[in-house]
>>> print(open('data37.pdb').read())   # PDB, C-alpha atoms
MODEL        1
ATOM      1  CA  MET A 196     145.867  74.267  87.268
ATOM      2  CA  SER A 197     144.703  70.691  87.449
ATOM      3  CA  GLU A 198     140.960  70.337  87.737
ATOM      4  CA  ARG A 199     140.324  67.344  89.988
ATOM      5  CA  VAL A 200     138.062  69.308  92.320
ATOM      6  CA  LEU A 201     137.463  66.720  95.040
ATOM      7  CA  ASN A 202     140.907  66.807  96.597
ATOM      8  CA  LEU A 203     142.303  67.209 100.103
ATOM      9  CA  PRO A 204     142.892  70.992  99.940
ATOM     10  CA  ASN A 205     139.330  71.617  98.718
ATOM     11  CA  ILE A 206     137.878  69.312 101.377
ATOM     12  CA  ILE A 207     139.752  71.316 104.047
ATOM     13  CA  THR A 208     138.333  74.518 102.551
ATOM     14  CA  LEU A 209     134.815  73.063 102.587
ATOM     15  CA  LEU A 210     135.287  72.124 106.243
ATOM     16  CA  ARG A 211     136.308  75.739 106.932
ATOM     17  CA  ILE A 212     133.092  76.932 105.269
ATOM     18  CA  ALA A 213     131.105  74.430 107.369
ATOM     19  CA  ALA A 214     132.758  75.836 110.511
ATOM     20  CA  VAL A 215     131.435  79.362 109.858
ATOM     21  CA  PRO A 216     127.872  78.890 111.161
ATOM     22  CA  VAL A 217     129.193  76.840 114.086
ATOM     23  CA  VAL A 218     131.572  79.657 115.098
ATOM     24  CA  GLY A 219     128.661  82.110 114.776
ATOM     25  CA  TRP A 220     126.435  79.922 116.949
ATOM     26  CA  LEU A 221     129.147  79.491 119.578
ATOM     27  CA  ILE A 222     129.658  83.258 119.755
ATOM     28  CA  LEU A 223     125.906  83.883 119.927
ATOM     29  CA  HIS A 224     125.665  81.515 122.888
ATOM     30  CA  GLU A 225     128.835  82.921 124.492
ATOM     31  CA  ARG A 226     130.709  79.658 124.312
ATOM     32  CA  TRP A 227     133.911  81.630 124.063
ATOM     33  CA  GLU A 228     136.489  78.904 124.523
ATOM     34  CA  ALA A 229     134.956  76.591 121.915
ATOM     35  CA  ALA A 230     134.482  79.535 119.533
ATOM     36  CA  CYS A 231     138.116  80.548 120.025
ATOM     37  CA  TRP A 232     139.549  77.115 119.309
ATOM     38  CA  LEU A 233     137.270  76.413 116.337
ATOM     39  CA  PHE A 234     137.989  79.841 114.837
ATOM     40  CA  LEU A 235     141.722  79.328 115.331
ATOM     41  CA  ALA A 236     141.584  75.872 113.716
ATOM     42  CA  ALA A 237     139.617  77.261 110.773
ATOM     43  CA  ALA A 238     142.024  80.183 110.375
ATOM     44  CA  VAL A 239     145.066  77.886 110.458
ATOM     45  CA  SER A 240     143.404  75.570 107.925
ATOM     46  CA  ASP A 241     143.545  78.464 105.454
ATOM     47  CA  GLY A 242     147.319  78.205 105.342
ATOM     48  CA  ILE A 243     147.299  74.420 105.367
ATOM     49  CA  ASP A 244     144.954  74.036 102.393
ATOM     50  CA  GLY A 245     147.009  76.486 100.352
ATOM     51  CA  LEU A 246     150.279  74.737 101.154
ATOM     52  CA  LEU A 247     148.772  71.358 100.305
ATOM     53  CA  ALA A 248     147.248  72.611  97.052
ATOM     54  CA  ARG A 249     150.602  73.942  95.885
ATOM     55  CA  GLY A 250     152.680  71.086  97.313
ATOM     56  CA  LEU A 251     150.462  68.347  95.889
ATOM     57  CA  ASP A 252     149.891  70.220  92.610
ATOM     58  CA  GLN A 253     146.157  70.275  93.302
ATOM     59  CA  LEU A 254     145.360  73.912  92.548
ATOM     60  CA  THR A 255     141.880  74.347  91.049
ATOM     61  CA  GLN A 256     139.775  77.325  90.065
ATOM     62  CA  LEU A 257     137.032  76.017  92.338
ATOM     63  CA  GLY A 258     139.481  75.753  95.237
ATOM     64  CA  ALA A 259     140.677  79.323  94.708
ATOM     65  CA  ALA A 260     137.095  80.603  94.660
ATOM     66  CA  LEU A 261     136.050  78.520  97.687
ATOM     67  CA  ASP A 262     139.117  79.677  99.622
ATOM     68  CA  THR A 263     138.128  83.321  99.124
ATOM     69  CA  VAL A 264     134.533  82.611 100.126
ATOM     70  CA  ALA A 265     135.669  80.687 103.211
ATOM     71  CA  ASP A 266     138.019  83.469 104.318
ATOM     72  CA  LYS A 267     135.447  86.224 103.868
ATOM     73  CA  ALA A 268     132.605  84.245 105.443
ATOM     74  CA  LEU A 269     134.665  83.255 108.477
ATOM     75  CA  GLY A 270     136.021  86.776 108.941
ATOM     76  CA  VAL A 271     132.751  88.655 108.412
ATOM     77  CA  VAL A 272     130.564  86.361 110.519
ATOM     78  CA  THR A 273     133.053  86.359 113.402
ATOM     79  CA  LEU A 274     133.631  90.110 113.164
ATOM     80  CA  VAL A 275     129.942  90.985 113.081
ATOM     81  CA  MET A 276     129.040  88.549 115.868
ATOM     82  CA  LEU A 277     131.837  89.855 118.114
ATOM     83  CA  THR A 278     130.753  93.431 117.396
ATOM     84  CA  GLN A 279     127.161  92.539 118.230
ATOM     85  CA  ALA A 280     128.443  90.989 121.473
ATOM     86  CA  GLY A 281     130.194  94.272 122.316
ATOM     87  CA  ALA A 282     133.705  92.817 122.085
ATOM     88  CA  ILE A 283     134.840  94.804 119.015
ATOM     89  CA  PRO A 284     134.026  98.500 118.506
ATOM     90  CA  LEU A 285     131.686  99.363 115.662
ATOM     91  CA  TRP A 286     134.242 101.740 114.095
ATOM     92  CA  VAL A 287     136.708  98.873 113.594
ATOM     93  CA  THR A 288     134.027  96.662 112.071
ATOM     94  CA  LEU A 289     132.785  99.408 109.749
ATOM     95  CA  ALA A 290     136.329 100.123 108.519
ATOM     96  CA  ILE A 291     136.882  96.449 107.689
ATOM     97  CA  LEU A 292     133.476  95.982 106.045
ATOM     98  CA  LEU A 293     133.801  99.230 104.081
ATOM     99  CA  ARG A 294     137.265  98.196 102.859
ATOM    100  CA  ASP A 295     135.988  94.818 101.714
ATOM    101  CA  SER A 296     132.909  96.346 100.054
ATOM    102  CA  ILE A 297     134.981  98.903  98.163
ATOM    103  CA  ILE A 298     137.338  96.168  96.948
ATOM    104  CA  VAL A 299     134.472  93.957  95.750
ATOM    105  CA  LEU A 300     132.608  96.809  94.052
ATOM    106  CA  GLY A 301     135.817  98.078  92.476
ATOM    107  CA  ALA A 302     136.679  94.614  91.177
ATOM    108  CA  LEU A 303     133.202  94.192  89.700
ATOM    109  CA  SER A 304     133.401  97.635  88.077
ATOM    110  CA  TYR A 305     136.810  96.827  86.620
ATOM    111  CA  ARG A 306     135.515  93.512  85.277
ATOM    112  CA  GLY A 307     132.640  95.373  83.612
ATOM    113  CA  LEU A 308     135.089  97.813  82.058
ATOM    114  CA  ALA A 309     137.853  95.407  81.031
ATOM    115  CA  GLY A 310     135.798  92.248  80.500
ATOM    116  CA  HIS A 311     138.090  90.184  82.711
ATOM    117  CA  LEU A 312     139.435  90.205  86.217
ATOM    118  CA  GLU A 313     142.587  88.787  87.741
ATOM    119  CA  ILE A 314     143.047  89.565  91.397
ATOM    120  CA  HIS A 315     146.470  89.324  92.939
ATOM    121  CA  PRO A 316     146.492  90.170  96.643
ATOM    122  CA  THR A 317     149.063  92.755  97.629
ATOM    123  CA  TRP A 318     151.443  92.354 100.532
ATOM    124  CA  LEU A 319     149.405  94.965 102.408
ATOM    125  CA  GLY A 320     146.173  93.109 101.616
ATOM    126  CA  LYS A 321     147.647  89.903 103.020
ATOM    127  CA  THR A 322     148.846  91.842 106.059
ATOM    128  CA  HIS A 323     145.308  93.113 106.553
ATOM    129  CA  MET A 324     143.869  89.579 106.475
ATOM    130  CA  PHE A 325     146.495  88.365 108.933
ATOM    131  CA  ALA A 326     145.876  91.325 111.252
ATOM    132  CA  GLU A 327     142.100  90.877 111.073
ATOM    133  CA  PHE A 328     142.257  87.145 111.824
ATOM    134  CA  ALA A 329     144.835  87.715 114.583
ATOM    135  CA  LEU A 330     142.552  90.338 116.152
ATOM    136  CA  LEU A 331     139.536  88.024 115.989
ATOM    137  CA  THR A 332     141.537  85.162 117.529
ATOM    138  CA  LEU A 333     142.903  87.383 120.305
ATOM    139  CA  VAL A 334     139.494  88.860 121.127
ATOM    140  CA  LEU A 335     138.006  85.358 121.319
ATOM    141  CA  ALA A 336     140.950  84.221 123.472
ATOM    142  CA  GLY A 337     140.358  87.174 125.787
ATOM    143  CA  LEU A 338     136.648  86.393 126.081
ATOM    144  CA  ALA A 339     137.503  82.737 126.746
ATOM    145  CA  GLY A 340     139.850  83.730 129.563
ATOM    146  CA  VAL A 341     142.814  82.202 127.751
ATOM    147  CA  LEU A 342     144.630  85.559 127.531
ATOM    148  CA  ASP A 343     144.354  88.815 129.448
ATOM    149  CA  LEU A 344     144.331  91.461 126.739
ATOM    150  CA  ALA A 345     142.676  94.393 128.467
ATOM    151  CA  ALA A 346     145.711  96.667 128.092
ATOM    152  CA  TRP A 347     146.281  95.614 124.475
ATOM    153  CA  LEU A 348     142.806  95.818 122.993
ATOM    154  CA  GLN A 349     142.758  99.508 122.098
ATOM    155  CA  PRO A 350     146.175  99.403 120.366
ATOM    156  CA  LEU A 351     145.062  96.237 118.520
ATOM    157  CA  PHE A 352     141.847  97.909 117.386
ATOM    158  CA  LEU A 353     143.733 100.997 116.197
ATOM    159  CA  THR A 354     146.329  98.890 114.352
ATOM    160  CA  VAL A 355     143.748  96.801 112.503
ATOM    161  CA  PHE A 356     141.729  99.933 111.712
ATOM    162  CA  ALA A 357     144.803 101.648 110.243
ATOM    163  CA  ILE A 358     145.803  98.599 108.189
ATOM    164  CA  ALA A 359     142.235  98.277 106.865
ATOM    165  CA  VAL A 360     142.148 101.923 105.779
ATOM    166  CA  VAL A 361     145.614 101.940 104.211
ATOM    167  CA  SER A 362     145.150  98.634 102.378
ATOM    168  CA  GLY A 363     141.732  99.782 101.135
ATOM    169  CA  VAL A 364     143.274 102.983  99.772
ATOM    170  CA  GLN A 365     146.053 100.928  98.165
ATOM    171  CA  TYR A 366     143.557  98.722  96.330
ATOM    172  CA  VAL A 367     141.608 101.790  95.122
ATOM    173  CA  TRP A 368     144.875 103.328  93.868
ATOM    174  CA  ILE A 369     145.992 100.148  92.059
ATOM    175  CA  TRP A 370     142.623  99.375  90.455
ATOM    176  CA  SER A 371     142.032 103.014  89.461
ATOM    177  CA  ALA A 372     145.368 103.016  87.629
ATOM    178  CA  LYS A 373     144.476  99.741  85.893
ATOM    179  CA  ALA A 374     141.081 101.141  84.862
ATOM    180  CA  ARG A 375     142.705 104.304  83.448
ATOM    181  CA  ARG A 376     145.092 102.132  81.371
ATOM    182  CA  VAL A 377     142.198 100.014  80.049
ATOM    183  CA  ARG A 378     140.209 103.129  79.110
ATOM    184  CA  ALA A 379     143.230 104.694  77.420
ATOM    185  CA  ALA A 380     143.890 101.519  75.414
ATOM    186  CA  GLY A 381     140.296 100.940  74.537
TER     187      GLY A 381
ENDMDL
END
>>> encode(input="data37.pdb", output="structure tokens")
Amino acid sequence: MSERVLNLPNIITLLRIAAVPVVGWLILHERWEAACWLFLAAAVSDGIDGLLARGLDQLTQLGAALDTVADKALGVVTLVMLTQAGAIPLWVTLAILLRDSIIVLGALSYRGLAGHLEIHPTWLGKTHMFAEFALLTLVLAGLAGVLDLAAWLQPLFLTVFAIAVVSGVQYVWIWSAKARRVRAAG
């Protein structure tokens, strides 16, 4: 990784982080259309900054860390605010937050055990992030009157819930196996 940290991909990531409180404020004040478009732009910027970082050979450790923070902050703030607004059921939100908490605590425990930590998202983990961000975008679009999703909301909630649970179990399975190997070797 090159380490010129002030580069275009990292600036895009920083802009995504700056968008988080604005999206939260827009949701709080029920400015649904603006919240929808800003959230969508921030979500799309996640793919753009990654493509640029790889394409321009501008991958940095700081950029990787900021990207994770930006994704989690944008997702959690939007999820919690939409749940507080009554647009997403609490059971969906709790499944997503519990999944993320278990992954973070498991990673920290593994780092304490092994002394290092390299996280490689699984296909299912990436699917979860896509499904979560798609759900948040669609719920915002529904609130903004851009889409009529009334008939689709319950199946969307159930799908994201299921993906959250299954991907959380997958991470527990993978990291438990890694921890057993480290203990056996150590």
>>> closest_atom_pairs(input="data37.pdb", of="stretch 197-239 of chain A", to="stretch 342-350 of chain A", cutoff="12 Å", atoms="all atoms listed in the file", output="Markdown table")
| residue | atom | partner | partner_atom | distance |
| --- | --- | --- | --- | --- |
| A:Trp227 | CA | A:Leu342 | CA | 11.9 |
| A:Glu228 | CA | A:Leu342 | CA | 10.9 |
| A:Cys231 | CA | A:Leu342 | CA | 11.1 |
>>> closest_atom_pairs(input="data37.pdb", of="stretch 316-361 of chain A", to="stretch 289-302 of chain A", cutoff="9 Å", atoms="all atoms listed in the file", output="CSV")
residue,atom,partner,partner_atom,distance
A:Glu327,CA,A:Ile291,CA,8.4
A:Val355,CA,A:Ile291,CA,8.4
A:Phe356,CA,A:Ala290,CA,6.3
A:Ala357,CA,A:Ala290,CA,8.8
A:Ala359,CA,A:Ile291,CA,5.7
A:Val360,CA,A:Ala290,CA,6.7
>>> atom_distance(input="data37.pdb", atom1="atom CA of A:Pro204", atom2="atom CA of A:Thr322")
22.5 Å
>>> atom_distance(input="data37.pdb", atom1="atom CA of A:Ile314", atom2="atom CA of A:Val364")
15.8 Å
>>> resolve_selection(input="data37.pdb", expression="the PyMOL selection byres ((chain A and resi 254) around 12)", output="ChimeraX atom specification")
/A:196-205,244-253,255-262
>>> write_last_selection(input="data37.pdb", atoms="C-alpha atoms", output="PDB file, keeping the file's coordinate frame")
ATOM      1  CA  MET A 196     145.867  74.267  87.268  1.00  0.00           C
ATOM      2  CA  SER A 197     144.703  70.691  87.449  1.00  0.00           C
ATOM      3  CA  GLU A 198     140.960  70.337  87.737  1.00  0.00           C
ATOM      4  CA  ARG A 199     140.324  67.344  89.988  1.00  0.00           C
ATOM      5  CA  VAL A 200     138.062  69.308  92.320  1.00  0.00           C
ATOM      6  CA  LEU A 201     137.463  66.720  95.040  1.00  0.00           C
ATOM      7  CA  ASN A 202     140.907  66.807  96.597  1.00  0.00           C
ATOM      8  CA  LEU A 203     142.303  67.209 100.103  1.00  0.00           C
ATOM      9  CA  PRO A 204     142.892  70.992  99.940  1.00  0.00           C
ATOM     10  CA  ASN A 205     139.330  71.617  98.718  1.00  0.00           C
ATOM     11  CA  ASP A 244     144.954  74.036 102.393  1.00  0.00           C
ATOM     12  CA  GLY A 245     147.009  76.486 100.352  1.00  0.00           C
ATOM     13  CA  LEU A 246     150.279  74.737 101.154  1.00  0.00           C
ATOM     14  CA  LEU A 247     148.772  71.358 100.305  1.00  0.00           C
ATOM     15  CA  ALA A 248     147.248  72.611  97.052  1.00  0.00           C
ATOM     16  CA  ARG A 249     150.602  73.942  95.885  1.00  0.00           C
ATOM     17  CA  GLY A 250     152.680  71.086  97.313  1.00  0.00           C
ATOM     18  CA  LEU A 251     150.462  68.347  95.889  1.00  0.00           C
ATOM     19  CA  ASP A 252     149.891  70.220  92.610  1.00  0.00           C
ATOM     20  CA  GLN A 253     146.157  70.275  93.302  1.00  0.00           C
ATOM     21  CA  THR A 255     141.880  74.347  91.049  1.00  0.00           C
ATOM     22  CA  GLN A 256     139.775  77.325  90.065  1.00  0.00           C
ATOM     23  CA  LEU A 257     137.032  76.017  92.338  1.00  0.00           C
ATOM     24  CA  GLY A 258     139.481  75.753  95.237  1.00  0.00           C
ATOM     25  CA  ALA A 259     140.677  79.323  94.708  1.00  0.00           C
ATOM     26  CA  ALA A 260     137.095  80.603  94.660  1.00  0.00           C
ATOM     27  CA  LEU A 261     136.050  78.520  97.687  1.00  0.00           C
ATOM     28  CA  ASP A 262     139.117  79.677  99.622  1.00  0.00           C
TER      29      ASP A 262
END
>>> closest_residue(input="data37.pdb", among="A:Arg306, A:Ala238, A:Ala280, A:Gly320", to="A:His224", atoms="all atoms listed in the file")
A:Ala280
>>> atom_distance(input="data37.pdb", atom1="atom CA of A:Thr263", atom2="atom CA of A:Leu353")
25.2 Å
>>> residues_around(input="data37.pdb", residues="A:Val217", least_positions_apart="3", cutoff="12 Å", atoms="all atoms listed in the file", output="list of chain:residue names")
A:Leu210, A:Arg211, A:Ile212, A:Ala213, A:Ala214, A:Trp220, A:Leu221, A:Ile222, A:Leu223, A:His224, A:Arg226, A:Ala229, A:Ala230, A:Cys231, A:Trp232, A:Leu233, A:Phe234, A:Ala237, A:Ala268, A:Leu269, A:Val272, A:Thr273, A:Met276
>>> build_atoms(input="data37.pdb", residues="stretch 358-369 of chain A", atoms="all heavy atoms", output="compact mmCIF listing (two decimals), in the coordinates of the input")
# COMPACT_ATOMS: atom_id res chain seq x y z
N ILE A 358 145.44 99.50 109.29
CA ILE A 358 145.80 98.60 108.19
C ILE A 358 144.63 98.45 107.21
O ILE A 358 144.83 98.44 105.99
CB ILE A 358 146.26 97.23 108.72
CG1 ILE A 358 147.58 97.38 109.50
CG2 ILE A 358 146.43 96.22 107.59
CD1 ILE A 358 147.99 96.13 110.27
N ALA A 359 143.41 98.38 107.73
CA ALA A 359 142.24 98.28 106.86
C ALA A 359 142.11 99.51 105.97
O ALA A 359 141.89 99.39 104.76
CB ALA A 359 140.97 98.09 107.70
N VAL A 360 142.27 100.68 106.56
CA VAL A 360 142.15 101.92 105.78
C VAL A 360 143.25 102.01 104.74
O VAL A 360 142.99 102.27 103.55
CB VAL A 360 142.16 103.16 106.71
CG1 VAL A 360 142.28 104.44 105.92
CG2 VAL A 360 140.90 103.17 107.59
N VAL A 361 144.49 101.79 105.14
CA VAL A 361 145.61 101.94 104.21
C VAL A 361 145.55 100.89 103.10
O VAL A 361 145.76 101.21 101.92
CB VAL A 361 146.96 101.87 104.97
CG1 VAL A 361 148.14 101.82 104.01
CG2 VAL A 361 147.10 103.07 105.90
N SER A 362 145.22 99.65 103.43
CA SER A 362 145.15 98.63 102.38
C SER A 362 143.97 98.89 101.46
O SER A 362 144.05 98.63 100.24
CB SER A 362 145.09 97.22 102.96
OG SER A 362 143.87 96.97 103.61
N GLY A 363 142.87 99.42 101.99
CA GLY A 363 141.73 99.78 101.14
C GLY A 363 142.11 100.88 100.16
O GLY A 363 141.79 100.81 98.96
N VAL A 364 142.81 101.90 100.65
CA VAL A 364 143.27 102.98 99.77
C VAL A 364 144.24 102.44 98.72
O VAL A 364 144.19 102.82 97.55
CB VAL A 364 143.92 104.12 100.60
CG1 VAL A 364 144.66 105.11 99.72
CG2 VAL A 364 142.87 104.82 101.45
N GLN A 365 145.11 101.51 99.12
CA GLN A 365 146.05 100.93 98.16
C GLN A 365 145.32 100.21 97.03
O GLN A 365 145.67 100.38 95.86
CB GLN A 365 147.00 99.95 98.87
CG GLN A 365 148.00 99.33 97.90
CD GLN A 365 148.76 98.16 98.49
OE1 GLN A 365 148.18 97.35 99.21
NE2 GLN A 365 150.04 98.09 98.18
N TYR A 366 144.31 99.42 97.37
CA TYR A 366 143.56 98.72 96.33
C TYR A 366 142.84 99.71 95.40
O TYR A 366 142.81 99.51 94.19
CB TYR A 366 142.55 97.74 96.94
CG TYR A 366 143.17 96.40 97.26
CD1 TYR A 366 143.39 96.02 98.58
CD2 TYR A 366 143.54 95.52 96.26
CE1 TYR A 366 143.97 94.80 98.88
CE2 TYR A 366 144.11 94.30 96.55
CZ TYR A 366 144.33 93.94 97.86
OH TYR A 366 144.90 92.73 98.15
N VAL A 367 142.26 100.77 95.96
CA VAL A 367 141.61 101.79 95.12
C VAL A 367 142.63 102.41 94.18
O VAL A 367 142.37 102.58 92.98
CB VAL A 367 140.93 102.87 96.00
CG1 VAL A 367 140.51 104.07 95.16
CG2 VAL A 367 139.74 102.29 96.74
N TRP A 368 143.81 102.72 94.68
CA TRP A 368 144.88 103.33 93.87
C TRP A 368 145.28 102.39 92.73
O TRP A 368 145.36 102.80 91.57
CB TRP A 368 146.07 103.62 94.77
CG TRP A 368 147.23 104.27 94.08
CD1 TRP A 368 148.25 103.64 93.46
CD2 TRP A 368 147.45 105.66 93.91
NE1 TRP A 368 149.12 104.55 92.92
CE2 TRP A 368 148.65 105.81 93.19
CE3 TRP A 368 146.77 106.79 94.32
CZ2 TRP A 368 149.16 107.05 92.86
CZ3 TRP A 368 147.29 108.03 93.99
CH2 TRP A 368 148.47 108.15 93.27
N ILE A 369 145.54 101.13 93.06
CA ILE A 369 145.99 100.15 92.06
C ILE A 369 144.93 99.92 90.99
O ILE A 369 145.22 99.96 89.79
CB ILE A 369 146.37 98.81 92.75
CG1 ILE A 369 147.67 98.98 93.54
CG2 ILE A 369 146.50 97.68 91.73
CD1 ILE A 369 147.97 97.81 94.47
